[in-house]
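Undergrad: Contents are compact mmCIF, C-alpha atoms; file name model24.txt:
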```txt
# COMPACT_ATOMS: atom_id res chain seq x y z
CA MET A 695 82.55 98.21 101.13
CA ASN A 696 85.04 100.34 99.21
CA ALA A 697 87.81 98.64 97.25
CA LEU A 698 90.47 97.38 99.66
CA ARG A 699 94.12 96.51 99.10
CA LEU A 700 94.19 92.87 100.14
CA SER A 701 97.19 90.53 100.33
CA VAL A 702 98.03 87.04 101.60
CA LEU A 703 100.79 85.44 103.64
CA ASP A 704 100.90 81.67 103.10
CA ARG A 705 102.96 79.63 105.58
CA SER A 706 103.01 76.43 103.49
CA ARG A 707 101.39 74.49 106.34
CA THR A 708 101.73 70.72 106.31
CA ARG A 709 98.66 68.52 106.84
CA GLU A 710 98.15 65.20 108.58
CA GLY A 711 98.17 62.31 106.11
CA HIS A 712 99.78 64.33 103.30
CA ASP A 713 103.29 64.43 101.88
CA THR A 714 105.45 67.03 103.62
CA THR A 715 106.56 68.58 100.31
CA GLU A 716 103.01 69.01 99.00
CA PRO A 717 102.45 72.36 100.79
CA LEU A 718 105.16 74.02 98.71
CA ARG A 719 103.37 73.11 95.49
CA ASP A 720 100.09 74.18 97.09
CA THR A 721 101.65 77.56 97.87
CA VAL A 722 102.60 78.16 94.24
CA ALA A 723 99.17 77.08 93.02
CA LEU A 724 97.44 79.32 95.56
CA ALA A 725 99.48 82.31 94.43
CA GLN A 726 98.33 81.75 90.87
CA GLU A 727 94.68 81.64 91.93
CA LEU A 728 94.97 84.73 94.12
CA GLU A 729 96.65 86.63 91.31
CA ALA A 730 93.67 85.84 89.07
CA LEU A 731 91.34 87.14 91.80
CA GLY A 732 93.15 90.48 92.06
CA TYR A 733 95.02 90.15 95.36
CA HIS A 734 97.80 92.73 95.65
CA ARG A 735 100.72 90.73 97.03
CA PHE A 736 101.59 87.19 98.05
CA TRP A 737 104.16 86.52 100.77
CA VAL A 738 105.83 83.38 102.13
CA SER A 739 107.38 82.80 105.55
CA GLU A 740 110.54 81.44 107.18
CA HIS A 741 110.45 78.62 109.73
CA HIS A 742 113.17 76.14 110.63
CA GLY A 743 112.74 72.66 112.09
CA VAL A 744 108.95 73.02 112.42
CA PRO A 745 106.96 69.83 111.56
CA GLY A 746 103.89 71.86 110.68
CA VAL A 747 105.55 74.24 108.21
CA ALA A 748 107.29 73.33 104.95
CA GLY A 749 108.50 76.86 104.13
CA SER A 750 112.08 76.98 105.39
CA ALA A 751 113.72 78.91 102.52
CA PRO A 752 111.54 81.96 101.78
CA THR A 753 113.61 83.55 99.02
CA VAL A 754 113.78 80.23 97.16
CA LEU A 755 110.02 79.76 97.48
CA ALA A 756 109.40 83.39 96.50
CA ALA A 757 111.37 82.77 93.31
CA ALA A 758 109.15 79.80 92.48
CA VAL A 759 106.00 81.87 93.13
CA ALA A 760 107.24 84.82 91.07
CA GLY A 761 108.20 82.52 88.22
CA ALA A 762 104.70 81.00 88.17
CA THR A 763 102.86 84.36 88.21
CA ARG A 764 102.90 87.54 86.12
CA SER A 765 101.53 90.53 88.01
CA ILE A 766 101.02 89.89 91.73
CA ARG A 767 103.73 91.27 94.01
CA VAL A 768 105.78 88.54 95.68
CA GLY A 769 107.81 88.66 98.86
CA THR A 770 108.51 87.40 102.33
CA GLY A 771 106.66 87.75 105.57
CA GLY A 772 109.34 87.58 106.45
CA VAL A 773 112.98 86.74 106.21
CA MET A 774 114.16 86.60 109.83
CA LEU A 775 117.14 88.91 109.61
CA PRO A 776 118.89 87.73 112.81
CA ASN A 777 119.26 84.29 111.19
CA HIS A 778 121.28 85.62 108.23
CA GLN A 779 124.14 87.85 107.20
CA PRO A 780 122.68 91.11 105.76
CA LEU A 781 124.97 90.87 102.70
CA VAL A 782 123.55 87.47 101.77
CA VAL A 783 119.98 88.71 102.23
CA ALA A 784 120.70 91.71 100.00
CA GLU A 785 122.21 89.47 97.33
CA GLN A 786 119.21 87.12 97.39
CA PHE A 787 116.67 89.90 97.03
CA GLY A 788 118.85 91.57 94.42
CA VAL A 789 118.68 88.41 92.34
CA LEU A 790 114.90 88.22 92.79
CA GLU A 791 114.44 91.86 91.78
CA ALA A 792 116.71 91.42 88.76
CA LEU A 793 114.69 88.44 87.57
CA PHE A 794 111.24 89.86 88.40
CA PRO A 795 111.65 93.66 88.26
CA GLY A 796 109.12 95.78 90.10
CA ARG A 797 107.36 92.84 91.75
CA ILE A 798 109.49 91.90 94.75
CA ASP A 799 108.91 92.87 98.41
CA MET A 800 111.41 92.40 101.23
CA GLY A 801 109.47 91.67 104.42
CA LEU A 802 111.85 91.42 107.38
CA GLY A 803 111.40 90.08 110.90
CA ARG A 804 113.50 90.06 114.04
CA SER A 805 112.79 86.56 115.38
CA VAL A 806 115.42 83.87 115.73
CA GLY A 807 114.92 80.10 115.82
CA PHE A 808 112.06 79.07 118.11
CA THR A 809 114.02 76.45 120.08
CA ASP A 810 117.51 76.16 121.50
CA GLY A 811 118.26 73.33 119.06
CA VAL A 812 117.27 75.36 116.02
CA ARG A 813 119.26 78.36 117.23
CA ARG A 814 122.34 76.18 117.74
CA ALA A 815 121.90 74.70 114.26
CA LEU A 816 121.71 78.22 112.80
CA GLY A 817 124.70 79.37 114.84
CA ARG A 818 122.57 82.02 116.50
CA ASP A 819 121.57 83.06 120.01
CA LYS A 820 118.19 84.37 121.17
CA HIS A 821 119.83 87.70 121.98
CA ASP A 822 120.73 88.21 118.30
CA ALA A 823 117.26 89.71 117.87
CA ASP A 824 118.51 92.69 119.86
CA ASP A 825 120.79 93.62 116.93
CA PHE A 826 117.93 93.81 114.43
CA ALA A 827 118.04 97.59 113.97
CA ALA A 828 121.75 97.53 113.17
CA HIS A 829 121.37 94.57 110.81
CA LEU A 830 118.48 96.32 109.09
CA GLU A 831 120.56 99.45 108.55
CA GLU A 832 123.40 97.34 107.16
CA LEU A 833 121.03 95.49 104.84
CA LEU A 834 119.55 98.69 103.40
CA GLY A 835 123.08 100.04 103.01
CA TRP A 836 123.98 97.23 100.63
CA PHE A 837 121.27 98.45 98.25
CA ARG A 838 122.54 102.02 98.49
CA GLY A 839 126.19 101.07 98.13
CA THR A 840 127.21 102.69 101.42
CA SER A 841 129.15 99.82 103.01
CA ASP A 842 132.54 100.80 104.37
CA THR A 843 133.94 97.32 103.67
CA GLY A 844 134.77 98.05 100.06
CA VAL A 845 132.48 95.18 99.08
CA HIS A 846 129.56 95.70 96.72
CA ALA A 847 126.41 93.58 96.84
CA ARG A 848 125.76 92.24 93.36
CA PRO A 849 123.23 92.67 91.85
CA ALA A 850 121.46 94.40 94.75
CA GLU A 851 123.38 97.67 94.70
CA GLY A 852 121.38 100.33 92.89
CA LEU A 853 118.15 98.32 92.90
CA SER A 854 115.08 99.27 94.92
CA VAL A 855 113.34 96.41 96.71
CA PRO A 856 110.63 97.79 99.04
CA PRO A 857 111.40 96.79 102.65
CA TYR A 858 108.70 96.08 105.25
CA VAL A 859 109.25 95.52 108.96
CA LEU A 860 107.24 92.92 110.85
CA ALA A 861 106.27 94.71 114.05
CA ILE A 862 107.09 92.07 116.64
CA GLY A 863 108.25 93.49 119.97
CA GLU A 864 110.40 96.50 119.14
CA GLY A 865 109.58 96.21 115.44
CA ALA A 866 107.12 99.13 115.41
CA ARG A 867 109.68 101.54 116.85
CA ILE A 868 112.40 100.32 114.49
CA ALA A 869 110.09 100.62 111.47
CA ALA A 870 109.16 104.19 112.46
CA GLU A 871 112.72 105.34 113.09
CA SER A 872 113.91 103.72 109.84
CA GLY A 873 111.08 105.27 107.83
CA LEU A 874 109.76 101.92 106.61
CA PRO A 875 106.30 100.41 106.12
CA MET A 876 105.11 98.28 109.04
CA VAL A 877 103.22 94.99 109.13
CA VAL A 878 101.41 94.52 112.43
CA GLY A 879 99.29 91.72 113.86
CA ASP A 880 97.54 89.90 115.29
CA ILE A 881 94.09 91.40 114.75
CA ARG A 882 92.87 89.28 117.70
CA GLY A 883 94.70 91.58 120.09
CA ARG A 884 93.02 94.68 118.76
CA GLU A 885 94.02 97.09 121.55
CA LYS A 886 97.67 96.04 121.43
CA MET A 887 97.70 96.25 117.65
CA LEU A 888 96.15 99.73 117.61
CA ALA A 889 98.62 100.94 120.23
CA ALA A 890 101.51 99.75 118.04
CA VAL A 891 100.02 101.55 115.03
CA GLU A 892 99.66 104.77 117.04
CA ARG A 893 103.27 104.60 118.27
CA TYR A 894 104.50 103.91 114.75
CA ARG A 895 102.70 106.85 113.18
CA ALA A 896 103.75 109.22 115.96
CA ALA A 897 107.44 108.30 115.68
CA PHE A 898 107.66 107.87 111.89
CA ARG A 899 110.59 109.57 110.16
CA PRO A 900 110.31 109.96 106.36
CA SER A 901 113.04 108.16 104.45
CA ALA A 902 114.19 107.40 100.93
CA TRP A 903 112.15 104.21 101.20
CA SER A 904 108.85 105.71 102.34
CA ALA A 905 107.75 109.34 102.59
CA GLU A 906 104.91 108.64 105.02
CA PRO A 907 103.68 105.89 107.34
CA TYR A 908 102.27 102.79 105.71
CA VAL A 909 100.41 100.26 107.84
CA VAL A 910 99.58 96.67 106.95
CA VAL A 911 97.42 94.84 109.50
CA SER A 912 97.51 91.06 109.48
CA GLY A 913 95.52 88.15 110.84
CA SER A 914 93.29 85.20 110.08
CA ILE A 915 90.09 85.85 108.12
CA ALA A 916 87.67 83.06 107.20
CA VAL A 917 84.58 83.46 105.03
CA ALA A 918 81.98 80.78 104.26
CA ASP A 919 78.28 80.37 103.59
CA SER A 920 77.58 80.18 107.33
CA GLU A 921 79.18 81.39 110.52
CA GLU A 922 79.70 77.80 111.68
CA ALA A 923 81.42 76.77 108.44
CA ALA A 924 83.77 79.75 108.69
CA ARG A 925 84.59 78.88 112.29
CA ARG A 926 85.42 75.29 111.31
CA LEU A 927 88.12 76.60 108.96
CA LEU A 928 89.88 78.04 112.01
CA ILE A 929 89.76 74.84 114.09
CA PRO A 930 92.89 73.04 112.73
CA GLU A 931 95.19 76.02 113.31
CA ALA A 932 93.72 76.67 116.76
CA TRP A 933 94.42 73.08 117.81
CA SER A 934 97.95 73.08 116.34
CA LEU A 935 98.69 76.25 118.29
CA ALA A 936 97.28 74.71 121.48
CA TYR A 937 99.36 71.58 120.93
CA SER A 938 102.53 73.60 120.38
CA ARG A 939 102.00 75.48 123.63
CA THR A 940 101.53 72.29 125.62
CA HIS A 941 104.00 69.97 123.85
CA GLY A 942 106.68 72.33 122.55
CA THR A 943 106.36 71.50 118.86
CA PHE A 944 104.07 72.86 116.14
CA PRO A 945 102.42 69.88 114.39
CA PRO A 946 100.84 69.40 110.95
CA LEU A 947 97.26 70.61 110.67
CA PRO A 948 94.64 67.98 111.59
CA PRO A 949 91.19 67.73 109.98
CA ALA A 950 88.59 69.78 111.82
CA GLU A 951 86.57 66.59 112.40
CA ARG A 952 89.37 65.02 114.44
CA VAL A 953 89.66 68.08 116.66
CA GLU A 954 85.91 68.21 117.16
CA GLU A 955 86.03 64.57 118.25
CA LEU A 956 88.72 65.41 120.81
CA VAL A 957 86.44 68.12 122.19
CA ALA A 958 83.34 65.91 122.20
CA THR A 959 85.06 62.99 123.97
CA GLY A 960 86.87 65.12 126.52
CA ALA A 961 90.24 63.91 125.24
CA MET A 962 91.86 67.34 125.59
CA THR A 963 93.52 68.26 128.86
CA GLU A 964 92.20 71.31 130.65
CA LYS A 965 95.28 73.26 129.61
CA GLU A 966 94.97 72.19 125.97
CA ARG A 967 91.28 73.07 125.96
CA GLY A 968 92.04 76.54 127.29
CA PHE A 969 94.65 77.27 124.62
CA TYR A 970 92.41 75.79 121.94
CA GLU A 971 89.39 77.90 122.84
CA SER A 972 91.58 80.98 123.10
CA GLY A 973 92.95 80.23 119.63
CA LEU A 974 89.44 80.35 118.17
CA ARG A 975 88.61 83.79 119.55
CA GLY A 976 89.14 87.22 118.02
CA HIS A 977 89.56 86.30 114.36
CA ILE A 978 87.39 87.75 111.62
CA ALA A 979 85.15 84.90 110.54
CA GLY A 980 81.62 84.46 109.28
CA THR A 981 79.41 85.03 106.28
CA GLU A 982 80.27 87.59 103.62
CA ASP A 983 78.05 90.22 105.24
CA GLN A 984 79.54 89.58 108.69
CA VAL A 985 83.13 89.69 107.45
CA ALA A 986 82.48 92.83 105.39
CA ALA A 987 81.26 94.62 108.50
CA GLU A 988 84.21 93.44 110.59
CA LEU A 989 86.72 94.42 107.91
CA GLU A 990 85.21 97.87 107.63
CA LYS A 991 85.49 98.28 111.41
CA LEU A 992 89.12 97.08 111.36
CA ILE A 993 90.10 99.59 108.68
CA GLU A 994 88.24 102.40 110.41
CA GLU A 995 89.92 101.72 113.75
CA SER A 996 93.45 101.18 112.43
CA GLY A 997 93.53 103.46 109.39
CA ALA A 998 95.51 100.69 107.70
CA GLN A 999 96.24 100.96 104.00
CA GLU A 1000 96.30 97.18 103.55
CA VAL A 1001 95.19 93.88 105.08
CA LEU A 1002 97.45 90.84 104.99
CA VAL A 1003 95.46 87.61 105.43
CA THR A 1004 97.29 84.80 107.21
CA THR A 1005 94.63 82.06 107.32
CA SER A 1006 95.75 78.42 107.34
CA THR A 1007 93.49 75.37 107.46
CA TYR A 1008 93.37 71.67 106.63
CA ASP A 1009 90.54 72.06 104.11
CA ARG A 1010 92.26 73.44 101.01
CA GLU A 1011 89.05 73.85 99.00
CA GLY A 1012 87.43 75.61 101.93
CA LEU A 1013 90.44 77.93 102.10
CA ARG A 1014 90.27 78.74 98.39
CA ASP A 1015 86.53 79.37 98.66
CA SER A 1016 87.17 81.71 101.58
CA PHE A 1017 89.69 83.69 99.53
CA ARG A 1018 87.23 83.90 96.61
CA ARG A 1019 84.50 85.21 98.90
CA LEU A 1020 86.91 87.65 100.50
CA ALA A 1021 87.93 88.99 97.09
CA ARG A 1022 84.27 89.62 96.34
CA ILE A 1023 83.79 91.43 99.65
CA ALA A 1024 86.82 93.65 99.02
CA GLY A 1025 85.80 94.47 95.45
CA LEU A 1026 88.97 93.00 93.96
CA ARG A 1027 89.29 92.79 90.19
CA ALA A 1028 91.32 90.44 88.05
CA PRO A 1029 94.49 92.14 86.76
CA ALA A 1030 94.98 92.99 83.13
CA PRO A 1031 97.22 90.52 81.28
CA ALA A 1032 100.87 91.36 81.96
CA PRO A 1033 103.78 90.78 79.60
CA ALA A 1034 106.40 88.20 80.51
CA PRO A 1035 109.00 89.78 82.83
CA ALA A 1036 112.35 90.60 81.34
CA ALA A 1037 115.19 88.84 83.13
CA THR A 1038 117.38 91.91 83.35
CA ALA A 1039 118.46 94.16 86.18
CA HIS A 1040 117.18 97.70 86.42
CA SER A 1041 118.12 100.78 88.37
CA ALA A 1042 116.37 102.13 91.44
CA GLN A 1043 115.11 105.08 89.36
CA GLY A 1044 112.65 102.89 87.50
CA ALA A 1045 111.59 100.78 90.47
CA GLU A 1046 108.37 101.16 92.40
CA PRO A 1047 109.18 102.74 95.77
CA ALA A 1048 107.79 101.43 99.02
CA PRO A 1049 105.06 101.11 99.91
CA ALA A 1050 104.13 99.17 96.79
```
Go ahead and render the structure in this file as structure tokens.
TA:
Amino acid sequence: MNALRLSVLDRSRTREGHDTTEPLRDTVALAQELEALGYHRFWVSEHHGVPGVAGSAPTVLAAAVAGATRSIRVGTGGVMLPNHQPLVVAEQFGVLEALFPGRIDMGLGRSVGFTDGVRRALGRDKHDADDFAAHLEELLGWFRGTSDTGVHARPAEGLSVPPYVLAIGEGARIAAESGLPMVVGDIRGREKMLAAVERYRAAFRPSAWSAEPYVVVSGSIAVADSEEAARRLLIPEAWSLAYSRTHGTFPPLPPAERVEELVATGAMTEKERGFYESGLRGHIAGTEDQVAAELEKLIEESGAQEVLVTTSTYDREGLRDSFRRLARIAGLRAPAPAPAPAATAHSAQGAEPAPA
């Protein structure tokens, strides 16, 4: 297939039997390997109070990733804007851009804490997501210096950090009306995803951030030497999702073997089994030839400019092998050696505009 812009979102998933801080170090190491393979960008996520996810402070983790790499773009997928004051978000990304000029992305979502307890701890309400468009406008204003408060966001003001909107719920409409690139998933719900892409392109208004629509489609992709081996990479995440939907908490990833034993012995409830089997369907998984064909179909149907891979699994070596195979499928090339980044701020004139 033709060369494809390919990126990764890593959620720093915890694993049964492993230290809960280990995933953060794994995330940094994975970013280094993906940079060497030629992946375009590497994003981290924001989750609070979730046993199965170690990534709770995305801008902090993004700083660690950017400091350990040289050329790959680094960002968030995303910072959940309703959880934060826009000024603070602007300041954090301004610091990142000043330290790693031309490499930082600002992926933004509209979700709030997943449970009542987390929302109370954050001082937020589930209805705060309704204010996302206004918060987004305020956030972008801090970079342009248009706040009517008399306050200036330092060092963000005057810098250009490409913003991306995660198209959850009303996200596609907000991205279009704001003239921003859109990240849409899940590829399992292909019809719903394509409908969101169509609405986004139809309603898109050019802006200072992006002159034309830019679509990133996201989802789990697993590649192995056999279709069965690829499917087994998806098993831990499918079971964790099924468990969360039946027990109310998202657990660490179990080994695929343990989940297979639950299936074989009938230890899953009927409801758990239904969610589990549903969680295994619709992903792109298989051999290199099979995945290449599915990726080509996905790009043809969506017209997306980029694919953001969100695969998580217990088997870290299997995951790395999958990413290596995927890089080969997409025709990625290792980047040329980059000079060490200068730790100085720069103006928006010299920055790479979105979409980067």
Undergrad: For stretch 908-916 of chain A, please output as a ChimeraX atom specification all residues within 9 Å (counting only C-alpha atoms; exclusion window: fewer than 5 positions along the same chain).
TA: /A:702-703,874-882,887,891,894-895,923-925,927-928,977-981,985,992-993,996-1006,1013,1016-1017,1020,1048-1049
Undergrad: Residues within 12 Å of (81.4, 96.9, 104.6), file coordinates, counting all atoms listed in the file: what are they? Give the list as number ranges by chain.
TA: A: 695-698, 982-994, 1020, 1022-1025
Undergrad: Could you check how far atom CA of A:Leu888 sits from atom CA of A:Val768, in Å to one decimal?
TA: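 Separation between atom CA of A:Leu888 and atom CA of A:Val768: 26.4 Å.
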Undergrad: List the spatial neighbours of A:Ser706 as an MDAnalysis selection string - criterion: any atom at most 7 Å away, all atoms listed in the file, same-chain residues fewer than 6 positions off excluded.
TA: chainID A and resid 717:718 721 747:749
Undergrad: Which residue is closest to A:Trp737? Choose from A:Leu775, A:Met800, A:Ala847, A:Ala723 and count all atoms listed in the file.
TA: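 Smallest distance to A:Trp737 is found for A:Met800.
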Undergrad: Give me, please, the distance in Å between atom CA of A:Asp720 and atom CA of A:Ser972, quoted to one decimal.
TA: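 Computed distance, atom CA of A:Asp720 to atom CA of A:Ser972, equals 28.2 Å.
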Undergrad: Which polymer residues have any atom within 12 Å of an atom of A:Ser938, counting all atoms listed in the file, with same-chain residues fewer than 3 positions away left out, as a ChimeraX atom specification?
TA: /A:744-746,808-809,931-935,941-947,965-966,969-970,973
Undergrad: With N, CA and C atoms as the atom set, please write stretch 920-952 of chain A from the structure just given, as a compact mmCIF listing (two decimals), in the first residue's frame.
TA:
```txt
# COMPACT_ATOMS: atom_id res chain seq x y z
N SER A 920 -0.04 -14.78 12.38
CA SER A 920 -1.25 -15.52 12.06
C SER A 920 -2.46 -14.73 12.54
N GLU A 921 -3.60 -15.03 11.97
CA GLU A 921 -4.82 -14.35 12.38
C GLU A 921 -5.15 -14.62 13.84
N GLU A 922 -4.90 -15.86 14.29
CA GLU A 922 -5.20 -16.22 15.67
C GLU A 922 -4.28 -15.48 16.64
N ALA A 923 -3.01 -15.36 16.29
CA ALA A 923 -2.07 -14.65 17.18
C ALA A 923 -2.44 -13.18 17.29
N ALA A 924 -2.87 -12.59 16.19
CA ALA A 924 -3.30 -11.19 16.22
C ALA A 924 -4.53 -11.03 17.10
N ARG A 925 -5.47 -11.95 16.97
CA ARG A 925 -6.69 -11.88 17.78
C ARG A 925 -6.36 -12.00 19.26
N ARG A 926 -5.39 -12.82 19.62
CA ARG A 926 -5.04 -13.00 21.04
C ARG A 926 -4.50 -11.71 21.65
N LEU A 927 -3.91 -10.85 20.83
CA LEU A 927 -3.44 -9.57 21.35
C LEU A 927 -4.60 -8.70 21.82
N LEU A 928 -5.77 -8.91 21.24
CA LEU A 928 -6.94 -8.10 21.57
C LEU A 928 -7.70 -8.62 22.79
N ILE A 929 -7.42 -9.84 23.21
CA ILE A 929 -8.21 -10.48 24.27
C ILE A 929 -8.13 -9.74 25.60
N PRO A 930 -6.95 -9.34 26.10
CA PRO A 930 -6.91 -8.69 27.42
C PRO A 930 -7.75 -7.41 27.49
N GLU A 931 -7.68 -6.58 26.46
CA GLU A 931 -8.45 -5.34 26.47
C GLU A 931 -9.94 -5.62 26.37
N ALA A 932 -10.31 -6.62 25.57
CA ALA A 932 -11.73 -6.96 25.44
C ALA A 932 -12.30 -7.42 26.77
N TRP A 933 -11.54 -8.21 27.52
CA TRP A 933 -12.02 -8.67 28.82
C TRP A 933 -12.07 -7.53 29.83
N SER A 934 -11.07 -6.66 29.84
CA SER A 934 -11.08 -5.52 30.77
C SER A 934 -12.28 -4.62 30.50
N LEU A 935 -12.60 -4.43 29.23
CA LEU A 935 -13.78 -3.63 28.89
C LEU A 935 -15.06 -4.31 29.36
N ALA A 936 -15.14 -5.63 29.15
CA ALA A 936 -16.32 -6.38 29.60
C ALA A 936 -16.45 -6.31 31.12
N TYR A 937 -15.35 -6.41 31.81
CA TYR A 937 -15.36 -6.35 33.28
C TYR A 937 -15.83 -4.97 33.75
N SER A 938 -15.34 -3.92 33.09
CA SER A 938 -15.71 -2.57 33.49
C SER A 938 -17.21 -2.33 33.31
N ARG A 939 -17.78 -2.93 32.30
CA ARG A 939 -19.20 -2.72 32.02
C ARG A 939 -20.10 -3.54 32.93
N THR A 940 -19.54 -4.53 33.59
CA THR A 940 -20.34 -5.36 34.49
C THR A 940 -20.01 -5.13 35.96
N HIS A 941 -18.85 -4.49 36.24
CA HIS A 941 -18.44 -4.28 37.62
C HIS A 941 -18.20 -2.80 37.96
N GLY A 942 -18.20 -1.94 36.94
CA GLY A 942 -18.07 -0.51 37.20
C GLY A 942 -16.67 0.00 37.41
N THR A 943 -15.66 -0.82 37.17
CA THR A 943 -14.29 -0.35 37.28
C THR A 943 -13.44 -1.01 36.21
N PHE A 944 -12.49 -0.25 35.66
CA PHE A 944 -11.65 -0.74 34.56
C PHE A 944 -10.38 -1.33 35.16
N PRO A 945 -10.18 -2.64 35.08
CA PRO A 945 -9.08 -3.30 35.78
C PRO A 945 -7.79 -3.35 34.96
N PRO A 946 -6.67 -3.73 35.61
CA PRO A 946 -5.44 -3.99 34.86
C PRO A 946 -5.65 -5.10 33.83
N LEU A 947 -4.83 -5.08 32.79
CA LEU A 947 -4.96 -6.08 31.74
C LEU A 947 -4.51 -7.46 32.24
N PRO A 948 -5.31 -8.49 32.01
CA PRO A 948 -4.90 -9.85 32.37
C PRO A 948 -4.18 -10.52 31.21
N PRO A 949 -3.41 -11.57 31.47
CA PRO A 949 -2.84 -12.34 30.35
C PRO A 949 -3.95 -12.97 29.52
N ALA A 950 -3.71 -13.10 28.23
CA ALA A 950 -4.72 -13.70 27.36
C ALA A 950 -5.07 -15.12 27.82
N GLU A 951 -4.07 -15.84 28.34
CA GLU A 951 -4.29 -17.22 28.77
C GLU A 951 -5.33 -17.31 29.87
N ARG A 952 -5.31 -16.35 30.79
CA ARG A 952 -6.28 -16.38 31.90
C ARG A 952 -7.70 -16.14 31.38
```
